[in-house]
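A.B. asks: File name target-v8.txt; file contents compact mmCIF, C-alpha atoms; full text below.
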# COMPACT_ATOMS: atom_id res chain seq x y z
CA MET A 40 157.09 267.14 157.80
CA PRO A 41 159.90 265.21 159.47
CA THR A 42 160.08 261.51 158.69
CA SER A 43 159.44 259.21 161.61
CA PRO A 44 161.99 256.52 162.50
CA ARG A 45 159.40 253.88 161.63
CA HIS A 46 158.89 255.33 158.12
CA SER A 47 162.67 255.52 157.56
CA THR A 48 163.08 251.88 158.51
CA LEU A 49 160.27 250.78 156.19
CA ALA A 50 161.71 252.79 153.30
CA ALA A 51 165.15 251.27 153.80
CA ARG A 52 163.70 247.79 153.85
CA SER A 53 161.82 248.51 150.59
CA ARG A 54 165.00 249.71 148.90
CA TRP A 55 166.97 246.61 149.94
CA ALA A 56 164.12 244.36 148.81
CA ALA A 57 164.15 245.99 145.37
CA ILE A 58 167.93 245.61 145.13
CA ALA A 59 167.65 241.95 146.15
CA VAL A 60 165.25 241.39 143.24
CA ILE A 61 167.32 243.34 140.69
CA ILE A 62 170.68 241.64 141.41
CA PRO A 63 169.55 238.07 140.48
CA VAL A 64 167.83 239.43 137.36
CA MET A 65 171.05 241.17 136.33
CA ALA A 66 173.04 238.01 137.00
CA VAL A 67 170.68 235.98 134.83
CA ALA A 68 170.88 238.57 132.08
CA CYS A 69 174.67 238.59 132.18
CA HIS A 70 174.76 234.79 132.13
CA THR A 71 172.37 234.69 129.17
CA ASP A 72 174.45 237.16 127.17
CA THR A 73 177.74 235.25 127.69
CA PRO A 74 178.73 233.70 124.34
CA ARG A 75 179.13 229.96 124.25
CA GLU A 76 182.54 228.49 123.64
CA PRO A 77 182.72 227.19 120.04
CA ALA A 78 182.99 223.44 119.66
CA ALA A 79 186.51 222.15 119.11
CA PRO A 80 187.23 221.24 115.48
CA LEU A 81 186.64 217.72 114.25
CA ARG A 82 189.90 216.10 113.25
CA LEU A 83 190.15 214.32 109.90
CA PHE A 84 193.05 212.23 108.65
CA GLY A 85 192.65 211.76 104.88
CA ALA A 86 194.50 209.72 102.28
CA GLY A 87 196.36 211.88 99.79
CA ALA A 88 194.26 210.55 96.93
CA THR A 89 191.21 212.26 98.44
CA GLU A 90 192.87 215.55 99.38
CA ALA A 91 191.77 217.71 96.46
CA SER A 92 188.14 216.62 96.79
CA VAL A 93 188.03 217.09 100.55
CA ARG A 94 189.66 220.51 100.46
CA ASP A 95 187.29 221.70 97.74
CA GLU A 96 184.14 220.54 99.52
CA ILE A 97 184.86 220.79 103.25
CA GLY A 98 183.79 224.43 103.33
CA ALA A 99 180.26 223.41 102.32
CA PHE A 100 180.13 220.91 105.17
CA GLN A 101 181.32 223.50 107.67
CA THR A 102 178.70 225.98 106.50
CA GLN A 103 175.89 223.44 106.59
CA SER A 104 176.81 221.91 109.95
CA GLY A 105 178.26 224.86 111.83
CA LEU A 106 181.24 222.67 112.65
CA THR A 107 184.90 223.20 111.84
CA VAL A 108 187.30 220.50 110.66
CA ASP A 109 191.07 220.23 111.03
CA LEU A 110 192.57 218.43 108.02
CA THR A 111 195.66 216.23 107.85
CA PHE A 112 196.58 214.40 104.64
CA GLY A 113 199.22 211.84 103.82
CA ALA A 114 199.98 208.34 102.60
CA VAL A 115 197.74 205.73 104.16
CA GLY A 116 200.63 204.02 105.91
CA ALA A 117 201.68 207.30 107.50
CA LEU A 118 198.11 207.94 108.66
CA ARG A 119 197.96 204.43 110.12
CA ASP A 120 201.11 205.15 112.10
CA LYS A 121 199.66 208.42 113.42
CA VAL A 122 196.55 206.64 114.68
CA LEU A 123 198.56 203.82 116.25
CA ALA A 124 200.78 206.41 117.94
CA GLY A 125 197.71 207.95 119.56
CA GLU A 126 197.53 211.19 117.59
CA PRO A 127 193.97 212.51 118.02
CA ALA A 128 191.54 212.10 115.13
CA ASP A 129 187.81 211.51 114.79
CA VAL A 130 187.40 210.43 111.15
CA VAL A 131 189.99 208.72 108.96
CA ILE A 132 189.93 208.00 105.21
CA VAL A 133 192.22 205.10 104.33
CA THR A 134 192.21 201.78 102.46
CA PRO A 135 190.53 198.54 103.58
CA ALA A 136 193.93 196.95 104.32
CA ILE A 137 194.76 199.75 106.75
CA ILE A 138 191.31 199.52 108.32
CA THR A 139 191.87 195.82 108.98
CA MET A 140 195.07 196.69 110.86
CA LEU A 141 193.35 199.38 112.92
CA ASP A 142 190.36 197.16 113.63
CA ALA A 143 192.68 194.48 114.99
CA GLN A 144 193.73 197.07 117.59
CA GLN A 145 190.05 197.83 118.36
CA LEU A 146 190.43 201.38 117.07
CA VAL A 147 187.53 201.39 114.58
CA HIS A 148 184.03 202.29 115.74
CA ALA A 149 181.76 199.34 114.96
CA GLY A 150 179.66 199.76 111.84
CA SER A 151 181.30 203.03 110.82
CA PRO A 152 183.29 202.09 107.67
CA VAL A 153 181.77 203.53 104.48
CA ASN A 154 183.33 203.11 101.03
CA LEU A 155 183.65 206.49 99.33
CA GLY A 156 185.00 205.38 95.97
CA ARG A 157 187.86 203.74 94.15
CA VAL A 158 190.52 205.16 91.86
CA GLY A 159 193.24 203.72 89.65
CA GLY A 160 196.81 204.73 88.99
CA GLY A 161 198.35 206.30 85.92
CA LEU A 162 201.40 207.91 84.39
CA ALA A 163 202.10 211.63 84.11
CA VAL A 164 204.65 213.95 82.50
CA LYS A 165 205.44 217.61 82.91
CA ALA A 166 202.95 219.88 81.19
CA GLY A 167 204.16 220.83 77.74
CA THR A 168 206.43 217.81 77.25
CA GLN A 169 205.87 214.95 74.86
CA ALA A 170 203.74 212.15 76.27
CA PRO A 171 204.85 208.55 75.66
CA ALA A 172 202.49 205.89 74.38
CA ILE A 173 201.21 203.69 77.21
CA ALA A 174 198.09 202.06 75.77
CA THR A 175 199.55 198.55 76.05
CA ALA A 176 201.62 196.79 78.69
CA ALA A 177 204.60 196.74 76.32
CA GLN A 178 204.32 200.49 75.71
CA PHE A 179 203.95 201.22 79.41
CA LYS A 180 207.07 199.16 80.12
CA GLN A 181 209.03 200.95 77.42
CA ALA A 182 207.93 204.37 78.72
CA LEU A 183 209.41 203.53 82.11
CA LEU A 184 212.61 202.19 80.56
CA ASP A 185 212.99 205.29 78.38
CA ALA A 186 212.43 207.72 81.25
CA ASP A 187 215.46 209.44 82.74
CA GLU A 188 213.68 209.73 86.11
CA VAL A 189 210.61 208.05 87.62
CA TYR A 190 208.77 209.80 90.44
CA TYR A 191 206.46 207.90 92.79
CA ALA A 192 205.29 207.75 96.39
CA ASP A 193 207.27 205.78 98.96
CA PRO A 194 206.14 202.15 98.64
CA ALA A 195 206.66 201.64 102.37
CA VAL A 196 203.71 203.88 103.22
CA ALA A 197 201.80 204.67 100.02
CA THR A 198 199.44 202.37 98.13
CA ALA A 199 200.31 203.87 94.74
CA GLY A 200 204.03 203.39 95.26
CA ALA A 201 203.59 199.81 96.42
CA THR A 202 201.38 199.10 93.40
CA LEU A 203 203.99 200.46 90.98
CA MET A 204 206.68 198.28 92.52
CA ARG A 205 204.52 195.18 92.12
CA VAL A 206 203.87 196.08 88.48
CA VAL A 207 207.51 196.74 87.52
CA ASP A 208 208.72 193.65 89.36
CA ALA A 209 206.16 191.57 87.47
CA MET A 210 207.40 193.08 84.20
CA GLY A 211 211.01 192.34 85.13
CA ILE A 212 212.17 195.98 85.26
CA GLY A 213 212.00 196.61 89.00
CA ASP A 214 215.73 197.18 89.39
CA GLN A 215 215.89 199.64 86.49
CA VAL A 216 212.96 201.67 87.80
CA ARG A 217 214.30 201.75 91.35
CA ALA A 218 217.72 202.88 90.09
CA LYS A 219 216.22 206.05 88.60
CA GLY A 220 213.38 206.39 91.06
CA HIS A 221 212.67 209.50 93.08
CA LEU A 222 210.53 208.84 96.15
CA ALA A 223 208.23 211.27 97.95
CA PRO A 224 206.05 210.95 101.08
CA GLY A 225 202.90 210.87 98.93
CA GLY A 226 201.71 210.83 95.34
CA LYS A 227 200.92 214.53 95.11
CA GLU A 228 204.36 215.42 96.42
CA ALA A 229 205.91 213.03 93.89
CA MET A 230 204.06 214.75 91.03
CA GLN A 231 205.07 218.18 92.27
CA ALA A 232 208.70 217.06 92.38
CA MET A 233 208.42 215.57 88.89
CA THR A 234 207.23 218.90 87.48
CA GLN A 235 210.36 220.56 88.90
CA SER A 236 212.71 218.04 87.30
CA THR A 237 215.24 219.27 84.75
CA ALA A 238 215.55 215.82 83.15
CA ALA A 239 214.59 215.55 79.50
CA HIS A 240 212.28 212.60 80.11
CA ALA A 241 210.80 212.56 83.61
CA VAL A 242 207.63 210.64 84.38
CA GLY A 243 205.52 210.17 87.48
CA VAL A 244 203.26 207.31 88.47
CA THR A 245 200.58 207.56 91.15
CA GLN A 246 196.80 207.68 91.66
CA LEU A 247 194.86 209.56 88.97
CA SER A 248 193.38 211.94 91.56
CA GLU A 249 196.84 212.96 92.75
CA ILE A 250 198.06 213.59 89.20
CA LEU A 251 194.98 215.70 88.43
CA SER A 252 195.52 217.76 91.59
CA VAL A 253 198.83 219.15 90.25
CA PRO A 254 198.19 221.63 87.41
CA GLU A 255 201.79 221.48 86.18
CA ALA A 256 201.48 217.72 85.59
CA THR A 257 199.77 216.19 82.55
CA LEU A 258 198.00 212.87 82.87
CA VAL A 259 199.12 210.62 80.02
CA GLY A 260 196.70 207.87 80.92
CA PRO A 261 195.84 205.09 83.36
CA TYR A 262 197.60 201.75 83.66
CA PRO A 263 196.85 199.64 80.56
CA ASP A 264 193.88 197.33 81.10
CA GLU A 265 195.93 194.25 80.28
CA LEU A 266 198.11 194.81 83.33
CA ASN A 267 195.00 194.17 85.41
CA VAL A 268 196.07 196.63 88.11
CA ALA A 269 193.41 196.74 90.81
CA LYS A 270 191.88 200.12 91.62
CA THR A 271 192.27 201.30 95.19
CA VAL A 272 189.21 201.65 97.41
CA TYR A 273 189.15 204.51 99.93
CA THR A 274 186.92 204.16 102.96
CA ALA A 275 185.90 206.56 105.73
CA ILE A 276 185.87 205.28 109.31
CA ILE A 277 185.15 206.77 112.72
CA LEU A 278 187.72 206.00 115.37
CA GLU A 279 186.55 204.24 118.51
CA HIS A 280 187.98 206.81 120.91
CA THR A 281 186.22 209.84 119.39
CA GLU A 282 184.33 212.02 121.82
CA ARG A 283 182.36 213.56 118.93
CA LEU A 284 180.50 210.53 117.58
CA ALA A 285 177.40 212.40 116.37
CA ASP A 286 179.47 215.08 114.64
CA ALA A 287 181.79 212.47 113.12
CA GLN A 288 178.75 210.66 111.72
CA LYS A 289 177.60 213.91 110.11
CA LEU A 290 180.96 214.27 108.38
CA VAL A 291 180.95 210.71 107.06
CA GLN A 292 177.37 211.18 105.85
CA PHE A 293 178.47 214.33 104.00
CA PHE A 294 181.16 212.32 102.20
CA THR A 295 178.49 209.97 100.86
CA GLY A 296 176.36 212.85 99.55
CA ALA A 297 175.88 213.79 95.91
CA ALA A 298 178.07 216.92 95.93
CA PHE A 299 181.11 215.23 97.40
CA GLN A 300 180.68 212.14 95.25
CA ALA A 301 180.52 214.35 92.15
CA ARG A 302 183.79 216.02 93.17
CA LEU A 303 185.43 212.61 93.62
CA ALA A 304 184.30 211.68 90.12
CA GLN A 305 186.07 214.77 88.75
CA SER A 306 189.26 213.41 90.27
CA GLY A 307 188.95 210.05 88.56
CA PHE A 308 187.09 208.15 91.28
CA GLU A 309 184.27 205.75 90.54
CA ALA A 310 181.70 204.05 92.73
CA VAL A 311 182.69 200.86 94.52
CA PRO A 312 180.66 197.94 93.16
CA ALA A 313 178.33 196.34 95.70
CA ASN A 314 179.43 192.94 96.93
Will you turn the file into structure tokens for me?
C.D. replies:
Amino acid sequence: MPTSPRHSTLAARSRWAAIAVIIPVMAVACHTDTPREPAAPLRLFGAGATEASVRDEIGAFQTQSGLTVDLTFGAVGALRDKVLAGEPADVVIVTPAIITMLDAQQLVHAGSPVNLGRVGGGLAVKAGTQAPAIATAAQFKQALLDADEVYYADPAVATAGATLMRVVDAMGIGDQVRAKGHLAPGGKEAMQAMTQSTAAHAVGVTQLSEILSVPEATLVGPYPDELNVAKTVYTAIILEHTERLADAQKLVQFFTGAAFQARLAQSGFEAVPAN
């Protein structure tokens, strides 16, 4: 039977109505299936003394949080300069003295500083070489005088290097140590350079954690107690200009957790006494 014009018109309208319903549904389905853009990585500037611990544990944080973290390590003075120059970062691990400088520029998020631990300095030699006696201040002094080369971090930017210079100046051997000194941007780099030395008696002085992070270096021991060398506190802060405050807080909280604190302890860190 031939189809009437009225029936043809109604059928066409029905088809267009069905299409009109299907198209939005398809659009919604396509929109739902579109993968979300991953969050940009958090940016961490970390003091060299904490590098080994952070690198070992950051994977656990990324797995737990679903976040990624870009890592930059260096001497605290160099990290300070990066922040002051406007290089982007969310969390920074430095010393209280550096934090005071940054806070004066209103760059520290209020209430964010958290002490992670403190660590002292010590003396190292190349693995397999004879270790000098350094149990007393006199022995430590003699070990530096007997060394052919002394490797340490640049005192202009590194806490460990600045500490060594204060110690040797107080002992009256600053000029001798500087004359045979070999500077590096950070303590780890100084220890790596020391292990490559061809000198018969090369020593390195930096934070214990940096010595322990270089397998080819052997820790002889810490500064003698009688020198009364203060241990360095390392503190995590969140920068004021971060756009990832909640995520930055998660990272700082992770650093205070048991797993990360245990890893710091392996590197020679100890808890900071409460005031």
A.B. asks: Show me, as a short mmCIF file (atom, residue, chain, number, x, y, z; two decimals) with C-alpha atoms, in the frame of the given file, the residues that have an atom within 12 Å of Gly125 of chain A when counting only C-alpha atoms, minus same-chain residues fewer than 5 positions from it.
C.D. replies:
data_model
loop_
_atom_site.label_atom_id
_atom_site.label_comp_id
_atom_site.auth_asym_id
_atom_site.auth_seq_id
_atom_site.Cartn_x
_atom_site.Cartn_y
_atom_site.Cartn_z
CA LEU A 118 198.11 207.94 108.66
CA ARG A 119 197.96 204.43 110.12
CA ASP A 120 201.11 205.15 112.10
CA LEU A 141 193.35 199.38 112.92
CA GLN A 144 193.73 197.07 117.59
CA LEU A 146 190.43 201.38 117.07
CA LEU A 278 187.72 206.00 115.37
CA GLU A 279 186.55 204.24 118.51
CA HIS A 280 187.98 206.81 120.91
CA THR A 281 186.22 209.84 119.39
#
A.B. asks: Which residue is closest to Ile132 of chain A? Choose from A:Arg302, A:Lys180, A:Lys219, A:Arg82 and count only C-alpha atoms.
C.D. replies: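 Of all the options, A:Arg82 lies closest to Ile132 of chain A.
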A.B. asks: From (180.5, 198.6, 90.6), in the file's coordinates, out to 12 Å: which residues are reached, counting all atoms listed in the file? Answer as a list of chain:residue names.
C.D. replies: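 Residues lying no farther than 12 Å from the given point: A:Asn154, A:Gly156, A:Arg157, A:Lys270, A:Val272, A:Phe308, A:Glu309, A:Ala310, A:Val311, A:Pro312, A:Ala313, A:Asn314.
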A.B. asks: Tell me which protein, DNA and RNA residues are within 12 Å of segment 127-130 of chain A, counting all atoms listed in the file, leaving out same-chain ones fewer than 5 positions away, and put them as a VMD selection string.
C.D. replies: chain A and resid 79 to 86 108 to 112 118 to 122 138 146 to 148 151 to 153 274 to 292 294
A.B. asks: What does the structure give for the distance between atom CA of Phe293 of chain A and atom CA of Leu247 of chain A, in Å to one decimal?
C.D. replies: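 About the pair atom CA of Phe293 of chain A and atom CA of Leu247 of chain A: they are 22.7 Å apart.
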A.B. asks: Taking (198.2, 204.0, 73.7) in the file's coordinates as the center, which residues reach within 12 Å of it, counting all atoms listed in the file, put as a VMD selection string?
C.D. replies: chain A and resid 162 170 to 182 259 to 265
A.B. asks: Would you save the residues of that selection, restricted to C-alpha atoms, as a short mmCIF file (atom, residue, chain, number, x, y, z; two decimals), in the frame of the given file?
C.D. replies:
data_model
loop_
_atom_site.label_atom_id
_atom_site.label_comp_id
_atom_site.auth_asym_id
_atom_site.auth_seq_id
_atom_site.Cartn_x
_atom_site.Cartn_y
_atom_site.Cartn_z
CA LEU A 162 201.40 207.91 84.39
CA ALA A 170 203.74 212.15 76.27
CA PRO A 171 204.85 208.55 75.66
CA ALA A 172 202.49 205.89 74.38
CA ILE A 173 201.21 203.69 77.21
CA ALA A 174 198.09 202.06 75.77
CA THR A 175 199.55 198.55 76.05
CA ALA A 176 201.62 196.79 78.69
CA ALA A 177 204.60 196.74 76.32
CA GLN A 178 204.32 200.49 75.71
CA PHE A 179 203.95 201.22 79.41
CA LYS A 180 207.07 199.16 80.12
CA GLN A 181 209.03 200.95 77.42
CA ALA A 182 207.93 204.37 78.72
CA VAL A 259 199.12 210.62 80.02
CA GLY A 260 196.70 207.87 80.92
CA PRO A 261 195.84 205.09 83.36
CA TYR A 262 197.60 201.75 83.66
CA PRO A 263 196.85 199.64 80.56
CA ASP A 264 193.88 197.33 81.10
CA GLU A 265 195.93 194.25 80.28
#
A.B. asks: What's around Ala238 of chain A at 9 Å? Count only C-alpha atoms, leave out sequence neighbours fewer than 6 positions away in its own chain, and write the answer as a PyMOL selection string.
C.D. replies: chain A and resi 186-188
A.B. asks: Measure the distance from atom CA of Tyr273 of chain A to atom CA of Ala114 of chain A in Å and round it to one decimal.
C.D. replies: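 Separating atom CA of Tyr273 of chain A from atom CA of Ala114 of chain A is a distance of 11.8 Å.
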A.B. asks: Please return segment 243-254 of chain A, rebuilt to N, CA and C atoms, as a PDB file, in the frame of the given file.
C.D. replies:
ATOM      1  N   GLY A 243     205.996 210.445  86.138  1.00  0.00           N
ATOM      2  CA  GLY A 243     205.520 210.170  87.480  1.00  0.00           C
ATOM      3  C   GLY A 243     204.389 209.156  87.420  1.00  0.00           C
ATOM      4  N   VAL A 244     204.311 208.315  88.420  1.00  0.00           N
ATOM      5  CA  VAL A 244     203.260 207.310  88.470  1.00  0.00           C
ATOM      6  C   VAL A 244     202.608 207.343  89.856  1.00  0.00           C
ATOM      7  N   THR A 245     201.312 207.565  89.878  1.00  0.00           N
ATOM      8  CA  THR A 245     200.580 207.560  91.150  1.00  0.00           C
ATOM      9  C   THR A 245     199.084 207.480  90.844  1.00  0.00           C
ATOM     10  N   GLN A 246     198.246 207.718  91.865  1.00  0.00           N
ATOM     11  CA  GLN A 246     196.800 207.680  91.660  1.00  0.00           C
ATOM     12  C   GLN A 246     196.360 208.820  90.734  1.00  0.00           C
ATOM     13  N   LEU A 247     195.347 208.548  89.918  1.00  0.00           N
ATOM     14  CA  LEU A 247     194.860 209.560  88.970  1.00  0.00           C
ATOM     15  C   LEU A 247     194.482 210.859  89.681  1.00  0.00           C
ATOM     16  N   SER A 248     193.843 210.738  90.837  1.00  0.00           N
ATOM     17  CA  SER A 248     193.380 211.940  91.560  1.00  0.00           C
ATOM     18  C   SER A 248     194.546 212.804  92.001  1.00  0.00           C
ATOM     19  N   GLU A 249     195.670 212.188  92.325  1.00  0.00           N
ATOM     20  CA  GLU A 249     196.840 212.960  92.750  1.00  0.00           C
ATOM     21  C   GLU A 249     197.500 213.634  91.559  1.00  0.00           C
ATOM     22  N   ILE A 250     197.524 212.965  90.412  1.00  0.00           N
ATOM     23  CA  ILE A 250     198.060 213.590  89.200  1.00  0.00           C
ATOM     24  C   ILE A 250     197.202 214.804  88.827  1.00  0.00           C
ATOM     25  N   LEU A 251     195.884 214.623  88.831  1.00  0.00           N
ATOM     26  CA  LEU A 251     194.980 215.700  88.430  1.00  0.00           C
ATOM     27  C   LEU A 251     194.988 216.876  89.395  1.00  0.00           C
ATOM     28  N   SER A 252     195.494 216.668  90.609  1.00  0.00           N
ATOM     29  CA  SER A 252     195.520 217.760  91.590  1.00  0.00           C
ATOM     30  C   SER A 252     196.712 218.685  91.401  1.00  0.00           C
ATOM     31  N   VAL A 253     197.626 218.334  90.493  1.00  0.00           N
ATOM     32  CA  VAL A 253     198.830 219.150  90.250  1.00  0.00           C
ATOM     33  C   VAL A 253     198.733 219.749  88.847  1.00  0.00           C
ATOM     34  N   PRO A 254     198.419 221.029  88.728  1.00  0.00           N
ATOM     35  CA  PRO A 254     198.190 221.630  87.410  1.00  0.00           C
ATOM     36  C   PRO A 254     199.388 221.532  86.474  1.00  0.00           C
TER      37      PRO A 254
END
